[in-house]
>>> print(open('run_27.cif').read())   # mmCIF, C-alpha atoms
data_upload
#
loop_
_atom_site.label_atom_id
_atom_site.label_comp_id
_atom_site.auth_asym_id
_atom_site.auth_seq_id
_atom_site.Cartn_x
_atom_site.Cartn_y
_atom_site.Cartn_z
CA MET A 11 95.03 6.67 106.87
CA LEU A 12 94.56 2.99 106.21
CA ARG A 13 91.30 2.06 104.49
CA SER A 14 89.97 -1.43 104.12
CA TRP A 15 89.76 -2.90 100.64
CA PRO A 16 86.13 -2.67 99.40
CA SER A 17 84.28 -5.92 98.92
CA SER A 18 82.67 -6.50 95.55
CA LYS A 19 79.44 -8.21 94.65
CA PHE A 20 78.78 -8.59 90.93
CA GLY A 21 81.37 -5.89 90.19
CA GLU A 22 79.79 -3.30 92.48
CA THR A 23 81.49 -1.98 95.61
CA THR A 24 80.25 0.46 98.23
CA ILE A 25 82.57 3.05 96.66
CA GLY A 26 81.69 2.50 93.02
CA PRO A 27 81.58 0.03 90.14
CA VAL A 28 84.64 -1.94 89.07
CA LEU A 29 83.48 -1.64 85.44
CA GLY A 30 85.40 1.27 83.96
CA GLY A 31 87.79 1.33 86.89
CA GLN A 32 91.51 0.89 87.13
CA ALA A 33 94.00 0.12 89.89
CA GLU A 34 97.72 0.77 90.05
CA PHE A 35 100.35 -0.38 92.51
CA VAL A 36 102.95 2.27 93.29
CA ASP A 37 106.03 0.86 94.99
CA ALA A 38 108.26 3.81 95.86
CA GLY A 39 111.18 1.75 97.12
CA ALA A 40 109.27 -0.05 99.88
CA HIS A 41 111.45 -2.57 101.64
CA LYS A 42 112.84 -3.58 104.98
CA ALA A 43 116.30 -2.21 105.71
CA TRP A 44 118.84 -1.92 108.46
CA THR A 45 119.07 1.62 109.84
CA ALA A 46 122.37 3.09 110.99
CA THR A 47 121.20 3.04 114.62
CA ARG A 48 120.28 -0.62 114.44
CA LEU A 49 123.56 -1.51 112.75
CA VAL A 50 125.61 0.30 115.42
CA ALA A 51 123.56 -1.27 118.24
CA GLY A 52 124.00 -4.69 116.66
CA ALA A 53 127.76 -4.24 116.34
CA ALA A 54 128.08 -2.95 119.92
CA THR A 55 126.21 -5.95 121.33
CA LEU A 56 127.77 -8.48 118.94
CA GLY A 57 124.51 -8.88 117.05
CA ALA A 58 122.24 -9.52 120.04
CA SER A 59 120.21 -6.32 119.74
CA ALA A 60 120.05 -6.60 115.94
CA ALA A 61 118.53 -10.04 116.28
CA VAL A 62 115.91 -8.69 118.68
CA THR A 63 115.01 -5.46 116.88
CA GLY A 64 115.26 -6.69 113.28
CA ARG A 65 114.95 -4.39 110.33
CA LYS A 66 112.81 -1.27 109.95
CA ASN A 67 110.25 -0.64 107.20
CA LYS A 68 111.56 1.86 104.65
CA GLY A 69 110.03 3.56 101.64
CA ALA A 70 106.36 3.63 100.76
CA ALA A 71 103.91 1.66 98.71
CA VAL A 72 100.29 2.45 97.87
CA ILE A 73 97.47 1.15 95.75
CA ASN A 74 95.56 3.83 93.83
CA VAL A 75 92.12 2.71 92.70
CA THR A 76 89.79 4.68 90.44
CA PHE A 77 86.29 3.24 90.17
CA GLY A 78 83.97 3.41 87.18
CA ASN A 79 82.04 6.34 88.68
CA GLY A 80 85.23 8.42 89.08
CA ALA A 81 85.57 7.83 92.83
CA ALA A 82 89.16 7.28 93.87
CA GLN A 83 90.80 5.64 96.87
CA THR A 84 94.37 5.25 98.02
CA TYR A 85 95.39 2.30 100.17
CA ASN A 86 98.68 2.30 102.11
CA VAL A 87 100.66 -0.92 101.90
CA THR A 88 102.99 -2.17 104.62
CA PRO A 89 106.46 -2.54 103.09
CA ASP A 90 107.13 -6.20 103.75
CA SER A 91 107.50 -8.81 101.03
CA THR A 92 104.30 -10.75 101.81
CA THR A 93 102.10 -7.64 101.85
CA LEU A 94 103.74 -6.15 98.76
CA ARG A 95 103.14 -9.40 96.87
CA ALA A 96 99.49 -9.47 98.01
CA ALA A 97 99.01 -5.82 97.00
CA ASN A 98 100.29 -6.57 93.53
CA GLN A 99 97.89 -9.53 93.29
CA TYR A 100 94.93 -7.35 94.37
CA VAL A 101 95.74 -4.79 91.67
CA THR A 102 96.05 -7.52 89.04
CA ALA A 103 92.73 -9.05 90.12
CA PHE A 104 90.93 -5.68 90.14
CA ASN A 105 92.17 -4.81 86.65
CA ALA A 106 91.33 -8.30 85.34
CA LEU A 107 87.80 -8.01 86.71
CA ALA A 108 87.40 -4.55 85.15
CA VAL A 109 88.49 -5.94 81.75
CA GLN A 110 86.19 -8.96 82.09
CA LEU A 111 83.20 -6.76 83.00
CA ALA A 112 83.93 -4.43 80.07
CA SER A 113 84.09 -7.42 77.72
CA GLU A 114 80.77 -8.76 79.04
CA ALA A 115 79.16 -5.32 78.69
CA GLU A 116 80.27 -5.15 75.03
CA GLN A 117 78.77 -8.58 74.30
CA ALA A 118 75.43 -7.68 75.90
#
>>> encode(input="run_27.cif", output="structure tokens")
Amino acid sequence: MLRSWPSSKFGETTIGPVLGGQAEFVDAGAHKAWTATRLVAGAATLGASAAVTGRKNKGAAVINVTFGNGAAQTYNVTPDSTTLRAANQYVTAFNALAVQLASEAEQA
């Protein structure tokens, strides 16, 4: 089930606080690949059907987020290069915000 990424205002989301949270990007071989059926169809039609159908998404990728209150969410990621890159950036941003909030809490 695909869940939308929670919006944050001052480090608080509807699911829980970013402070004390952590996100991880799990890329279990997500990529686009030619399947045997598509390769055979492409060869049989001299590449015409391969050009139309393209490649199929393979593997899986998810973002696992644990919030400061212990709540956890998993977000499915479409295995294409643009989305995988964006997912990695979201995880980096979430973890950077969690570190920044922890640093500010220590100083206060």
>>> closest_residue(input="run_27.cif", among="A:Leu29, A:Ala115, A:Ile73, A:Ala81", to="Asn98 (chain A)", atoms="all atoms listed in the file")
A:Ile73
>>> atom_distance(input="run_27.cif", atom1="CA of Asn79 (chain A)", atom2="CA of Pro27 (chain A)")
6.5 Å
>>> atom_distance(input="run_27.cif", atom1="CA of Phe77 (chain A)", atom2="CA of Asp37 (chain A)")
20.5 Å
>>> closest_residue(input="run_27.cif", among="A:Ala33, A:Ala96, A:Ala108, A:Ala118", to="Gln83 (chain A)", atoms="only C-alpha atoms")
A:Ala33
>>> resolve_selection(input="run_27.cif", expression="the PyMOL selection byres ((chain A and resi 74) around 9)", output="list in words")
Gln32, Ala33, Glu34, Phe35, Val36, Val72, Ile73, Val75, Thr76, Ala82, Gln83, Thr84, Tyr85, Asn86 and Val101 of chain A
>>> atom_distance(input="run_27.cif", atom1="CA of Gly31 (chain A)", atom2="CA of Val109 (chain A)")
8.9 Å
>>> residues_near_point(input="run_27.cif", point="(104.5, -7.2, 101.1)", cutoff="12 Å", atoms="only C-alpha atoms", output="short mmCIF file (atom, residue, chain, number, x, y, z; two decimals) with C-alpha atoms, keeping the file's coordinate frame")
data_model
loop_
_atom_site.label_atom_id
_atom_site.label_comp_id
_atom_site.auth_asym_id
_atom_site.auth_seq_id
_atom_site.Cartn_x
_atom_site.Cartn_y
_atom_site.Cartn_z
CA PHE A 35 100.35 -0.38 92.51
CA ASP A 37 106.03 0.86 94.99
CA GLY A 39 111.18 1.75 97.12
CA ALA A 40 109.27 -0.05 99.88
CA HIS A 41 111.45 -2.57 101.64
CA LYS A 42 112.84 -3.58 104.98
CA ASN A 67 110.25 -0.64 107.20
CA ALA A 70 106.36 3.63 100.76
CA ALA A 71 103.91 1.66 98.71
CA VAL A 72 100.29 2.45 97.87
CA ASN A 86 98.68 2.30 102.11
CA VAL A 87 100.66 -0.92 101.90
CA THR A 88 102.99 -2.17 104.62
CA PRO A 89 106.46 -2.54 103.09
CA ASP A 90 107.13 -6.20 103.75
CA SER A 91 107.50 -8.81 101.03
CA THR A 92 104.30 -10.75 101.81
CA THR A 93 102.10 -7.64 101.85
CA LEU A 94 103.74 -6.15 98.76
CA ARG A 95 103.14 -9.40 96.87
CA ALA A 96 99.49 -9.47 98.01
CA ALA A 97 99.01 -5.82 97.00
CA ASN A 98 100.29 -6.57 93.53
CA GLN A 99 97.89 -9.53 93.29
CA TYR A 100 94.93 -7.35 94.37
#
